[in-house]
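Just model_7.txt here, compact mmCIF, C-alpha atoms:
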# COMPACT_ATOMS: atom_id res chain seq x y z
CA MET V 1 0.00 0.00 0.00
CA LYS V 2 2.89 2.37 0.73
CA CYS V 3 4.12 2.14 -2.89
CA LEU V 4 0.67 2.85 -4.25
CA ILE V 5 0.14 5.81 -1.93
CA ASN V 6 3.46 7.41 -3.00
CA LEU V 7 3.11 6.71 -6.73
CA PRO V 8 1.54 10.11 -7.57
CA TYR V 9 4.34 11.86 -5.68
CA ALA V 10 6.96 9.79 -7.50
CA LEU V 11 5.46 10.58 -10.89
CA THR V 12 5.18 14.28 -10.05
CA SER V 13 8.80 14.35 -8.92
CA PHE V 14 9.91 12.59 -12.12
CA PHE V 15 8.11 15.03 -14.41
CA LYS V 16 9.46 17.99 -12.47
CA LYS V 17 12.99 16.69 -13.05
CA VAL V 18 12.27 16.21 -16.75
CA SER V 19 10.88 19.74 -16.96
CA VAL V 20 13.94 21.20 -15.25
CA PHE V 21 16.22 19.27 -17.62
CA CYS V 22 14.29 20.50 -20.68
CA PHE V 23 14.46 24.07 -19.41
CA PHE V 24 18.21 23.74 -18.89
CA LEU V 25 18.64 22.23 -22.35
CA PHE V 26 16.58 25.00 -23.93
CA PHE V 27 18.54 27.67 -22.04
CA VAL V 28 21.88 26.26 -23.15
CA THR V 29 21.09 25.16 -26.72
CA GLY V 30 17.80 26.85 -27.66
CA THR V 31 16.42 23.48 -28.82
CA GLY V 32 14.54 22.21 -25.76
CA CYS V 33 13.85 18.49 -25.83
CA SER V 34 13.40 18.38 -29.60
CA GLN V 35 15.16 15.49 -31.28
CA GLU V 36 16.23 17.73 -34.17
CA PRO V 37 17.59 21.28 -34.30
CA LEU V 38 15.04 23.76 -35.60
CA GLU V 39 16.80 24.27 -38.94
CA ASN V 40 16.53 20.54 -39.65
CA GLN V 41 12.75 20.43 -39.60
CA TYR V 42 9.97 21.29 -42.00
CA LYS V 43 8.14 24.56 -41.41
CA ASN V 44 4.63 24.59 -40.02
CA ASN V 45 1.99 27.28 -40.00
CA LYS V 46 -1.54 27.76 -38.74
CA ILE V 47 -2.57 26.75 -42.28
CA SER V 48 -1.86 23.06 -42.79
CA ASP V 49 -3.03 22.69 -46.40
CA LEU V 50 -3.01 25.78 -48.60
CA ALA V 51 -4.80 25.52 -51.98
CA LEU V 52 -3.55 27.86 -54.70
CA ILE V 53 -6.47 29.54 -56.46
CA TYR V 54 -5.55 31.42 -59.62
CA GLN V 55 -8.26 34.04 -59.79
CA GLY V 56 -8.73 37.44 -61.38
CA GLY V 57 -7.56 37.17 -64.98
CA VAL V 58 -10.29 37.01 -67.62
CA ASN V 59 -8.90 33.64 -68.71
CA ARG V 60 -9.55 32.07 -65.29
CA LEU V 61 -12.54 30.24 -63.85
CA ASP V 62 -15.27 32.43 -62.40
CA TRP V 63 -14.78 30.53 -59.12
CA THR V 64 -18.39 30.11 -58.13
CA ALA V 65 -19.56 28.17 -55.08
CA ASP V 66 -20.10 25.06 -57.21
CA GLN V 67 -16.58 25.27 -58.60
CA PHE V 68 -15.14 25.58 -55.10
CA LEU V 69 -17.01 22.55 -53.77
CA PRO V 70 -14.32 19.85 -54.41
CA TYR V 71 -11.69 22.13 -52.85
CA VAL V 72 -13.76 22.66 -49.70
CA VAL V 73 -14.91 19.08 -49.09
CA HIS V 74 -14.07 15.72 -50.61
CA GLU V 75 -16.70 13.06 -51.24
CA TYR V 76 -15.15 9.60 -51.04
CA GLN V 77 -16.23 6.66 -53.15
CA ASP V 78 -18.16 5.24 -50.19
CA GLY V 79 -20.28 8.41 -50.15
CA HIS V 80 -19.06 10.13 -47.00
CA LYS V 81 -17.70 13.67 -47.03
CA ASP V 82 -14.89 15.35 -45.12
CA TRP V 83 -13.32 18.78 -45.09
CA LEU V 84 -10.35 19.27 -47.39
CA PHE V 85 -8.14 22.39 -47.56
CA ASP V 86 -8.06 24.66 -44.52
CA GLY V 87 -6.44 27.56 -46.40
CA PHE V 88 -6.83 29.27 -49.77
CA LEU V 89 -4.29 31.45 -51.53
CA PHE V 90 -5.82 33.81 -54.12
CA LEU V 91 -3.17 34.98 -56.56
CA GLU V 92 -2.79 36.28 -60.09
CA PHE V 93 0.15 36.93 -62.43
CA ALA V 94 -1.62 38.61 -65.36
CA ASP V 95 -5.04 40.05 -66.13
CA GLY V 96 -5.44 38.11 -69.39
CA LYS V 97 -5.75 41.41 -71.25
CA GLY V 98 -2.05 42.14 -71.71
CA TYR V 99 -0.91 43.43 -68.32
CA CYS V 100 1.07 41.49 -65.70
CA TYR V 101 1.30 41.63 -61.91
CA ALA V 102 4.63 39.77 -61.74
CA THR V 103 7.86 39.84 -63.72
CA GLY V 104 8.04 38.23 -67.16
CA TYR V 105 4.45 37.26 -67.93
CA THR V 106 3.61 40.00 -70.47
CA LYS V 107 5.42 42.99 -71.91
CA LYS V 108 3.20 45.54 -70.14
CA ASN V 109 3.33 46.04 -66.37
CA ALA V 110 0.04 46.50 -64.55
CA ARG V 111 -0.84 50.06 -63.64
CA LYS V 112 -3.07 51.41 -60.89
CA VAL V 113 -6.11 50.85 -63.07
CA GLU V 114 -5.24 47.14 -63.41
CA TRP V 115 -4.46 46.85 -59.70
CA THR V 116 -7.86 48.34 -58.87
CA TRP V 117 -9.56 46.07 -61.41
CA LEU V 118 -7.98 43.06 -59.68
CA LEU V 119 -9.26 44.27 -56.31
CA ASP V 120 -12.76 44.43 -57.73
CA ARG V 121 -12.41 40.90 -59.13
CA ILE V 122 -11.29 39.48 -55.77
CA PHE V 123 -14.31 40.90 -53.99
CA GLU V 124 -16.89 40.31 -56.72
CA LYS V 125 -20.19 39.14 -55.25
CA ASN V 126 -21.02 35.43 -55.69
CA LYS V 127 -17.53 34.73 -57.05
CA SER V 128 -14.06 34.38 -55.54
CA LEU V 129 -14.04 35.01 -51.77
CA SER V 130 -17.79 35.54 -51.65
CA ALA V 131 -18.46 32.21 -53.36
CA LEU V 132 -15.96 30.36 -51.16
CA ASP V 133 -17.68 31.70 -48.05
CA GLN V 134 -21.05 30.57 -49.37
CA CYS V 135 -19.70 27.12 -50.26
CA ILE V 136 -18.26 26.59 -46.78
CA GLN V 137 -21.51 27.72 -45.18
CA SER V 138 -23.58 25.26 -47.22
CA GLN V 139 -21.27 22.38 -46.29
CA LYS V 140 -21.35 23.30 -42.60
CA GLU V 141 -25.10 22.96 -42.74
CA GLU V 142 -24.75 19.54 -44.38
CA ILE V 143 -21.84 17.86 -42.51
CA GLY V 144 -21.28 20.09 -39.48
CA ALA V 145 -18.64 22.71 -38.76
CA PRO V 146 -14.95 21.86 -39.21
CA ASN V 147 -12.53 21.97 -36.28
CA PHE V 148 -10.66 24.86 -37.90
CA LYS V 149 -11.34 28.30 -39.37
CA HIS V 150 -10.68 28.58 -43.11
CA GLN V 151 -7.73 30.91 -43.65
CA ILE V 152 -7.22 33.26 -46.60
CA VAL V 153 -3.95 34.50 -48.09
CA LEU V 154 -4.11 37.24 -50.73
CA GLY V 155 -1.50 37.82 -53.42
CA LEU V 156 0.34 41.14 -53.75
CA PRO V 157 1.17 42.51 -57.22
CA MET V 158 4.78 43.45 -57.91
CA PRO V 159 5.62 47.14 -58.45
CA HIS V 160 8.10 46.57 -61.26
CA PRO V 161 11.47 48.32 -60.79
CA GLY V 162 11.79 51.31 -63.09
CA GLN V 163 8.09 51.49 -64.02
CA THR V 164 6.89 55.09 -64.31
CA ASP V 165 3.37 54.71 -65.75
CA TRP V 166 1.66 53.12 -62.74
CA GLY V 167 -0.23 56.30 -61.89
CA GLU V 168 -0.75 58.58 -58.92
CA LEU V 169 -1.07 57.87 -55.23
CA ASN V 170 -2.21 60.70 -52.96
CA GLY V 171 -1.56 63.16 -55.75
CA LYS V 172 1.99 62.00 -56.45
CA VAL V 173 3.08 60.25 -59.65
CA MET V 174 4.72 56.99 -58.66
CA ASP V 175 8.21 56.19 -59.94
CA PHE V 176 9.29 52.62 -59.19
CA SER V 177 12.97 53.40 -59.53
CA ASN V 178 12.31 54.80 -56.04
CA ARG V 179 11.96 52.01 -53.46
CA GLN V 180 9.69 54.08 -51.22
CA ASP V 181 7.24 54.59 -54.08
CA GLN V 182 7.20 50.82 -54.60
CA LEU V 183 6.49 50.25 -50.93
CA ASP V 184 3.84 52.96 -50.76
CA VAL V 185 1.72 51.37 -53.50
CA ILE V 186 1.99 47.94 -51.89
CA TYR V 187 0.96 49.42 -48.53
CA TRP V 188 -1.99 51.10 -50.26
CA TYR V 189 -3.00 47.79 -51.86
CA ILE V 190 -2.76 45.93 -48.54
CA SER V 191 -4.91 48.59 -46.91
CA GLU V 192 -7.54 48.24 -49.65
CA LEU V 193 -7.53 44.44 -49.29
CA MET V 194 -8.00 44.64 -45.52
CA ILE V 195 -10.72 47.29 -45.69
CA ARG V 196 -12.70 45.39 -48.29
CA PHE V 197 -12.23 42.06 -46.51
CA LYS V 198 -13.54 43.55 -43.27
CA GLU V 199 -16.48 45.24 -45.00
CA ALA V 200 -17.47 41.94 -46.65
CA SER V 201 -18.09 40.36 -43.21
CA TYR V 202 -17.49 36.80 -44.37
CA LYS V 203 -18.89 34.24 -41.96
CA ASN V 204 -16.35 31.51 -42.57
CA LEU V 205 -13.14 33.19 -43.72
CA GLU V 206 -10.26 34.70 -41.76
CA LEU V 207 -7.51 36.77 -43.38
CA ALA V 208 -4.18 35.18 -42.44
CA GLY V 209 -1.80 37.25 -44.53
CA PHE V 210 -0.37 38.11 -47.91
CA TYR V 211 1.62 36.35 -50.61
CA TRP V 212 4.61 37.69 -52.53
CA VAL V 213 4.05 36.67 -56.16
CA GLU V 214 7.68 37.01 -57.29
CA GLU V 215 9.19 33.49 -57.07
CA ASP V 216 12.74 34.71 -56.59
CA VAL V 217 14.12 37.92 -55.07
CA ILE V 218 16.31 39.25 -57.87
CA SER V 219 14.08 42.31 -58.32
CA SER V 220 12.57 42.59 -54.85
CA LYS V 221 15.20 41.79 -52.21
CA ASP V 222 15.15 45.42 -50.98
CA ILE V 223 11.37 45.39 -50.61
CA THR V 224 10.46 42.26 -48.68
CA ILE V 225 12.06 43.19 -45.35
CA PRO V 226 10.24 46.54 -44.85
CA LEU V 227 7.14 44.95 -46.38
CA SER V 228 7.29 42.18 -43.79
CA ALA V 229 7.53 44.71 -40.96
CA HIS V 230 4.49 46.54 -42.31
CA ILE V 231 2.48 43.32 -42.59
CA HIS V 232 3.48 42.25 -39.08
CA ALA V 233 2.24 45.61 -37.79
CA GLN V 234 -1.16 44.58 -39.18
CA LYS V 235 -0.80 41.28 -37.28
CA LYS V 236 -0.66 39.29 -40.52
CA GLN V 237 1.96 37.02 -42.11
CA LEU V 238 3.97 37.11 -45.34
CA TYR V 239 3.97 33.92 -47.46
CA TRP V 240 6.31 32.88 -50.29
CA ILE V 241 6.68 29.90 -52.68
CA PRO V 242 10.06 30.06 -54.47
CA TYR V 243 10.76 27.87 -57.47
CA TRP V 244 13.47 25.19 -57.38
CA LYS V 245 16.89 26.78 -56.75
CA ALA V 246 15.37 30.28 -56.69
CA ARG V 247 17.59 33.02 -55.37
CA GLY V 248 16.74 33.70 -51.75
CA SER V 249 15.17 30.34 -51.00
CA ASP V 250 18.01 29.35 -48.68
CA ASN V 251 17.73 32.54 -46.60
CA TRP V 252 14.00 33.22 -46.81
CA LYS V 253 13.72 34.10 -43.12
CA GLU V 254 16.29 36.88 -43.43
CA LEU V 255 14.20 38.28 -46.30
CA GLY V 256 11.24 38.72 -43.94
CA PHE V 257 8.99 35.83 -44.92
CA ASP V 258 7.08 33.99 -42.20
CA ILE V 259 6.91 30.78 -44.20
CA ALA V 260 8.31 29.61 -47.52
CA TYR V 261 7.19 26.48 -49.37
CA GLN V 262 9.70 24.67 -51.59
CA GLN V 263 8.61 23.91 -55.15
CA PRO V 264 10.12 20.66 -56.44
CA ASN V 265 9.22 21.60 -60.06
CA HIS V 266 9.20 17.86 -60.80
CA PHE V 267 5.70 17.22 -62.16
CA PHE V 268 5.89 19.39 -65.26
CA ASN V 269 8.85 17.84 -67.08
CA ALA V 270 9.00 14.09 -67.74
CA SER V 271 12.77 14.24 -68.10
CA ILE V 272 13.21 15.24 -64.44
CA PRO V 273 13.77 12.04 -62.39
CA ASP V 274 11.91 11.28 -59.20
CA LYS V 275 15.07 11.88 -57.20
CA ARG V 276 14.22 15.59 -57.52
CA LEU V 277 11.51 14.94 -54.94
CA ASP V 278 14.15 13.52 -52.61
CA GLU V 279 16.30 16.60 -53.19
CA ALA V 280 13.43 19.02 -52.63
CA CYS V 281 12.30 17.38 -49.39
CA LYS V 282 15.87 17.30 -48.12
CA PHE V 283 16.35 20.99 -48.96
CA ALA V 284 13.09 21.88 -47.20
CA VAL V 285 14.13 20.02 -44.04
CA GLU V 286 17.58 21.62 -44.03
CA HIS V 287 16.15 25.13 -44.47
CA ASN V 288 13.03 24.81 -42.30
CA MET V 289 10.62 25.19 -45.24
CA GLY V 290 7.19 23.82 -46.03
CA MET V 291 6.61 21.85 -49.25
CA GLU V 292 4.54 22.41 -52.37
CA MET V 293 2.66 19.58 -54.08
CA GLU V 294 2.32 20.09 -57.82
CA PHE V 295 0.01 18.73 -60.50
CA ASP V 296 -2.29 19.99 -63.26
CA GLN V 297 -4.80 18.67 -65.81
CA ARG V 298 -2.25 16.12 -67.04
CA ALA V 299 -2.58 14.32 -63.69
CA LEU V 300 -5.88 12.85 -64.87
CA TYR V 301 -5.41 9.21 -65.77
CA GLU V 302 -6.95 9.47 -69.23
CA SER V 303 -5.47 12.84 -70.21
CA LYS V 304 -3.36 12.98 -73.35
CA ASP V 305 0.23 12.06 -72.47
CA SER V 306 -0.93 11.52 -68.89
CA PHE V 307 1.35 12.51 -65.99
CA TYR V 308 -0.79 10.54 -63.54
CA ASN V 309 2.22 8.53 -62.33
CA ARG V 310 4.17 11.73 -61.66
CA PHE V 311 1.34 12.93 -59.44
CA VAL V 312 1.36 9.61 -57.59
CA ALA V 313 5.12 10.02 -57.13
CA TYR V 314 4.48 13.15 -55.07
CA LEU V 315 2.18 11.21 -52.76
CA ASP V 316 4.72 8.38 -52.46
CA TYR V 317 7.70 10.62 -51.76
CA PHE V 318 5.80 12.96 -49.44
CA GLU V 319 4.84 9.91 -47.38
CA LYS V 320 8.41 8.61 -47.53
CA TRP V 321 9.74 11.94 -46.23
CA ASP V 322 6.95 12.32 -43.64
CA VAL V 323 5.79 15.56 -45.25
CA PHE V 324 2.11 14.87 -44.54
CA ARG V 325 2.78 14.48 -40.83
CA LYS V 326 5.38 17.16 -40.23
CA SER V 327 5.12 19.95 -42.80
CA ALA V 328 2.80 22.70 -43.95
CA ILE V 329 1.91 22.04 -47.60
CA ALA V 330 0.85 24.31 -50.46
CA TYR V 331 -1.01 22.70 -53.37
CA TYR V 332 -0.56 23.84 -56.96
CA SER V 333 -3.21 22.13 -59.09
CA GLY V 334 -3.02 24.19 -62.27
CA GLY V 335 -6.12 26.15 -63.12
CA SER V 336 -8.70 23.54 -62.12
CA ALA V 337 -7.24 20.02 -61.88
CA ILE V 338 -9.05 19.18 -58.66
CA LEU V 339 -12.36 20.26 -60.18
CA SER V 340 -11.61 18.10 -63.22
CA MET V 341 -10.80 15.07 -61.04
CA TYR V 342 -14.05 15.64 -59.16
CA LYS V 343 -15.98 15.48 -62.44
CA SER V 344 -14.02 12.48 -63.76
CA ASP V 345 -15.66 9.04 -63.93
CA ASN V 346 -12.33 7.22 -64.11
CA ILE V 347 -11.71 4.98 -61.09
CA LYS V 348 -7.99 5.88 -61.04
CA ASP V 349 -8.79 9.58 -60.61
CA LYS V 350 -11.24 8.79 -57.82
CA GLU V 351 -8.72 6.54 -56.07
CA VAL V 352 -5.88 9.06 -56.14
CA MET V 353 -8.13 11.83 -54.82
CA ASP V 354 -9.44 9.54 -52.07
CA ARG V 355 -5.82 8.89 -51.12
CA LEU V 356 -4.88 12.57 -51.05
CA ALA V 357 -8.04 13.59 -49.19
CA GLY V 358 -7.49 10.83 -46.63
CA LEU V 359 -3.98 12.08 -45.93
CA ILE V 360 -5.25 15.65 -45.54
CA ALA V 361 -8.08 14.54 -43.25
CA LYS V 362 -5.54 13.02 -40.86
CA ARG V 363 -3.58 16.27 -40.88
CA HIS V 364 -6.53 18.15 -39.42
CA LYS V 365 -5.85 16.08 -36.30
CA TYR V 366 -2.09 15.90 -35.95
CA VAL V 367 -0.17 18.60 -37.83
CA ILE V 368 1.64 20.86 -35.35
CA LYS V 369 0.31 24.41 -35.56
Turn the structure described in the file into structure tokens.
Amino acid sequence: MKCLINLPYALTSFFKKVSVFCFFLFFVTGTGCSQEPLENQYKNNKISDLALIYQGGVNRLDWTADQFLPYVVHEYQDGHKDWLFDGFLFLEFADGKGYCYATGYTKKNARKVEWTWLLDRIFEKNKSLSALDQCIQSQKEEIGAPNFKHQIVLGLPMPHPGQTDWGELNGKVMDFSNRQDQLDVIYWYISELMIRFKEASYKNLELAGFYWVEEDVISSKDITIPLSAHIHAQKKQLYWIPYWKARGSDNWKELGFDIAYQQPNHFFNASIPDKRLDEACKFAVEHNMGMEMEFDQRALYESKDSFYNRFVAYLDYFEKWDVFRKSAIAYYSGGSAILSMYKSDNIKDKEVMDRLAGLIAKRHKYVIK
């Protein structure tokens, strides 16, 4: 009886000693009781699974509530539904009418009129954010509320260095050879996004932060640090998804980003071997990055020159490298590959989406926030 009576005391004493040891280890090394140093881990975020939604350009989907449905919930082959992505990144590179919001997409750089047009597109009623909010609400009424709040990240156009035809801000003609003019128009755009988002009073969406559309920092390395400070003052985060071997990807934290996702750039070129996925996961772990999963319409099993097996390779390697359990993930699916898979009658497409959705469903329970 004496041993049983003193067992709680013994356990309490043991855990106190462990706590003291962990505190000492953290004080000395900064790593606590973690088995790995911080720089040798994937990066996590309050968004576990971030779907990239290309929206705005006239060549894009309207993004109605019906079109959002397979991105919001997944219906398995047995008929049951579960929530899918917990975050949505709305971004655009070009308006589809000749003007671009990022370097190299068209010959003409977007001006204030194109920036304002994009703002209007993002907040268009019954499309884009409005439609996503409606879609989530309808699914809550059908399957019950999720255990998370859907997060939104909004893309920021690039004020192209040297551009002089952007227009006026507060009565001053902007000249993007001047860094402060570049920053001022981005700050104005962020303010407009936040004001309009608040005025919309979405029931199911929360604004998490902003996305830098330039995929390397060759033309923006002097902008991102003050931009980050400005965004942090708004209590938001700055997101980035650099391409493979992009300049700045190895020191993304010093550039002011709160999270960077590594693109493997494997799916799109059949000549790139699967070992690229090994290399990308290894790089992400070494530099404390999240990962991007990539596929497009060619991932459908019956598409012409199908890349279905390359899509499956991402699932295989992400499981091999424990990405689904330990890392935040961004999902590039082309313009509408997930919608196309949802509409497909091919059993292979249904199976691969069941597999992906099942992996995401588990993440709602165990990914570290």
#### Entry: Atom-to-atom span, atom CA of V:Ile329 and atom CA of V:Gly290, Å
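Pair atom CA of V:Ile329 / atom CA of V:Gly290 returns 5.8 Å.
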Per-residue nearest contacts of stretch 88-174 of chain V to stretch 46-61 of chain V (12 Å; all atoms listed in the file) as a Markdown table:
| residue | atom | partner | partner_atom | distance |
| --- | --- | --- | --- | --- |
| V:Phe88 | CA | V:Ala51 | CA | 4.8 |
| V:Leu89 | CA | V:Leu52 | CA | 4.8 |
| V:Phe90 | CA | V:Ile53 | CA | 4.9 |
| V:Leu91 | CA | V:Tyr54 | CA | 5.3 |
| V:Glu92 | CA | V:Tyr54 | CA | 5.6 |
| V:Phe93 | CA | V:Gly57 | CA | 8.1 |
| V:Ala94 | CA | V:Gly57 | CA | 6.1 |
| V:Asp95 | CA | V:Gly57 | CA | 4.0 |
| V:Gly96 | CA | V:Gly57 | CA | 5.0 |
| V:Lys97 | CA | V:Val58 | CA | 7.3 |
| V:Gly98 | CA | V:Gly57 | CA | 10.0 |
| V:Tyr99 | CA | V:Gly57 | CA | 9.7 |
| V:Cys100 | CA | V:Gly57 | CA | 9.7 |
| V:Tyr101 | CA | V:Gly57 | CA | 10.4 |
| V:Glu114 | CA | V:Gly57 | CA | 10.4 |
| V:Trp115 | CA | V:Gly56 | CA | 10.5 |
| V:Thr116 | CA | V:Gly56 | CA | 11.2 |
| V:Trp117 | CA | V:Gly56 | CA | 8.7 |
| V:Leu118 | CA | V:Gly56 | CA | 5.9 |
| V:Leu119 | CA | V:Gly56 | CA | 8.5 |
| V:Asp120 | CA | V:Gly56 | CA | 8.9 |
| V:Arg121 | CA | V:Gly56 | CA | 5.5 |
| V:Ile122 | CA | V:Gly56 | CA | 6.5 |
| V:Phe123 | CA | V:Gly56 | CA | 9.9 |
| V:Glu124 | CA | V:Gly56 | CA | 9.8 |
| V:Lys127 | CA | V:Leu61 | CA | 9.6 |
| V:Ser128 | CA | V:Gln55 | CA | 7.2 |
| V:Leu129 | CA | V:Gln55 | CA | 9.9 |
| V:Leu132 | CA | V:Ile53 | CA | 10.9 |
| V:Phe148 | CA | V:Ile47 | CA | 9.4 |
| V:Lys149 | CA | V:Ile47 | CA | 9.4 |
| V:His150 | CA | V:Ile47 | CA | 8.4 |
| V:Gln151 | CA | V:Ile47 | CA | 6.8 |
| V:Ile152 | CA | V:Leu50 | CA | 8.8 |
| V:Val153 | CA | V:Leu50 | CA | 8.8 |
| V:Leu154 | CA | V:Ile53 | CA | 9.9 |
| V:Gly155 | CA | V:Tyr54 | CA | 9.8 |
| V:Pro157 | CA | V:Gly56 | CA | 11.9 |
Selected residues, C-alpha atoms, written as an mmCIF file, in the frame of the given file, please.
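Resulting contents of result-v9.cif:
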data_model
loop_
_atom_site.group_PDB
_atom_site.id
_atom_site.type_symbol
_atom_site.label_atom_id
_atom_site.label_comp_id
_atom_site.auth_asym_id
_atom_site.auth_seq_id
_atom_site.Cartn_x
_atom_site.Cartn_y
_atom_site.Cartn_z
ATOM 1 C CA PHE V 88 -6.830 29.270 -49.770
ATOM 2 C CA LEU V 89 -4.290 31.450 -51.530
ATOM 3 C CA PHE V 90 -5.820 33.810 -54.120
ATOM 4 C CA LEU V 91 -3.170 34.980 -56.560
ATOM 5 C CA GLU V 92 -2.790 36.280 -60.090
ATOM 6 C CA PHE V 93 0.150 36.930 -62.430
ATOM 7 C CA ALA V 94 -1.620 38.610 -65.360
ATOM 8 C CA ASP V 95 -5.040 40.050 -66.130
ATOM 9 C CA GLY V 96 -5.440 38.110 -69.390
ATOM 10 C CA LYS V 97 -5.750 41.410 -71.250
ATOM 11 C CA GLY V 98 -2.050 42.140 -71.710
ATOM 12 C CA TYR V 99 -0.910 43.430 -68.320
ATOM 13 C CA CYS V 100 1.070 41.490 -65.700
ATOM 14 C CA TYR V 101 1.300 41.630 -61.910
ATOM 15 C CA GLU V 114 -5.240 47.140 -63.410
ATOM 16 C CA TRP V 115 -4.460 46.850 -59.700
ATOM 17 C CA THR V 116 -7.860 48.340 -58.870
ATOM 18 C CA TRP V 117 -9.560 46.070 -61.410
ATOM 19 C CA LEU V 118 -7.980 43.060 -59.680
ATOM 20 C CA LEU V 119 -9.260 44.270 -56.310
ATOM 21 C CA ASP V 120 -12.760 44.430 -57.730
ATOM 22 C CA ARG V 121 -12.410 40.900 -59.130
ATOM 23 C CA ILE V 122 -11.290 39.480 -55.770
ATOM 24 C CA PHE V 123 -14.310 40.900 -53.990
ATOM 25 C CA GLU V 124 -16.890 40.310 -56.720
ATOM 26 C CA LYS V 127 -17.530 34.730 -57.050
ATOM 27 C CA SER V 128 -14.060 34.380 -55.540
ATOM 28 C CA LEU V 129 -14.040 35.010 -51.770
ATOM 29 C CA LEU V 132 -15.960 30.360 -51.160
ATOM 30 C CA PHE V 148 -10.660 24.860 -37.900
ATOM 31 C CA LYS V 149 -11.340 28.300 -39.370
ATOM 32 C CA HIS V 150 -10.680 28.580 -43.110
ATOM 33 C CA GLN V 151 -7.730 30.910 -43.650
ATOM 34 C CA ILE V 152 -7.220 33.260 -46.600
ATOM 35 C CA VAL V 153 -3.950 34.500 -48.090
ATOM 36 C CA LEU V 154 -4.110 37.240 -50.730
ATOM 37 C CA GLY V 155 -1.500 37.820 -53.420
ATOM 38 C CA PRO V 157 1.170 42.510 -57.220
#
For this session: Report the distance between atom CA of V:Ala337 and atom CA of V:Asp296 in Å, rounded to one decimal place.
Result: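 Separating atom CA of V:Ala337 from atom CA of V:Asp296 is a distance of 5.1 Å.
Here atom CA of V:Asp316 is placed at a distance of 16.9 Å from atom CA of V:Ala270.
Comparing the minimum interatomic distances between V:Ser138 and each of V:Asp66, V:Glu294, V:Asp222, V:Glu214, counting all atoms listed in the file, we find that V:Asp66 sits nearest.
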Restricting to only C-alpha atoms, whichever of V:Arg363, V:Lys125, V:Lys112, V:His80 is closest to V:Asp62 is V:Lys125
Judged by all atoms listed in the file, the minimum distance to V:Asp216 among V:Trp244, V:Phe197, V:Tyr239, V:Tyr189 is found for V:Trp244
Between V:Tyr243, V:Tyr332, V:Phe295, V:Tyr317, single out the one closest to V:Asp274, counting only C-alpha atoms.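 Smallest separation from V:Asp274 among the options: V:Tyr317.
For V:Tyr42, the non-local neighbours within 6 Å, defined as residues at least 5 positions apart in the same chain or in other chains and counting all atoms listed in the file, are Val285, Asn288, Met289, Gly290 and Ser327 of chain V.
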task: Identify which of the residues V:Glu351, V:Lys235, V:Lys221, V:His230 lies closest to V:Tyr308, counting all atoms listed in the file when measuring atom-to-atom distances.
output: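 For V:Tyr308, the nearest of the given residues is V:Glu351.
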(message) Could you check the closest approach to V:Trp212 for each of V:Ser344, V:Gln77, V:Thr103, V:Ser303 and tell me which residue wins, using all atoms listed in the file?
(response)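 Counting all atoms listed in the file, the residue closest to V:Trp212 is V:Thr103.
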Practice problem: Mind checking which residues fall within 10 Å of V:Ile218, counting all atoms listed in the file, ignoring those fewer than 5 positions away in the same chain, and posting them as an MDAnalysis selection string? | Solution: chainID V and resid 246:248
### Task
Quick one: everything within 7 Å of stretch 144-146 of chain V, counting only C-alpha atoms, minus sequence neighbours fewer than 3 positions away in the same chain. Send it as an NGL selection string.
:V and (83 or 140-141)
Can you pull out the residues contacting stretch 164-166 of chain V? Cut-off 9 Å, using all atoms listed in the file, and skip same-chain residues under 4 positions away; I want them as a ChimeraX atom specification. /V:109-113,159,173-177
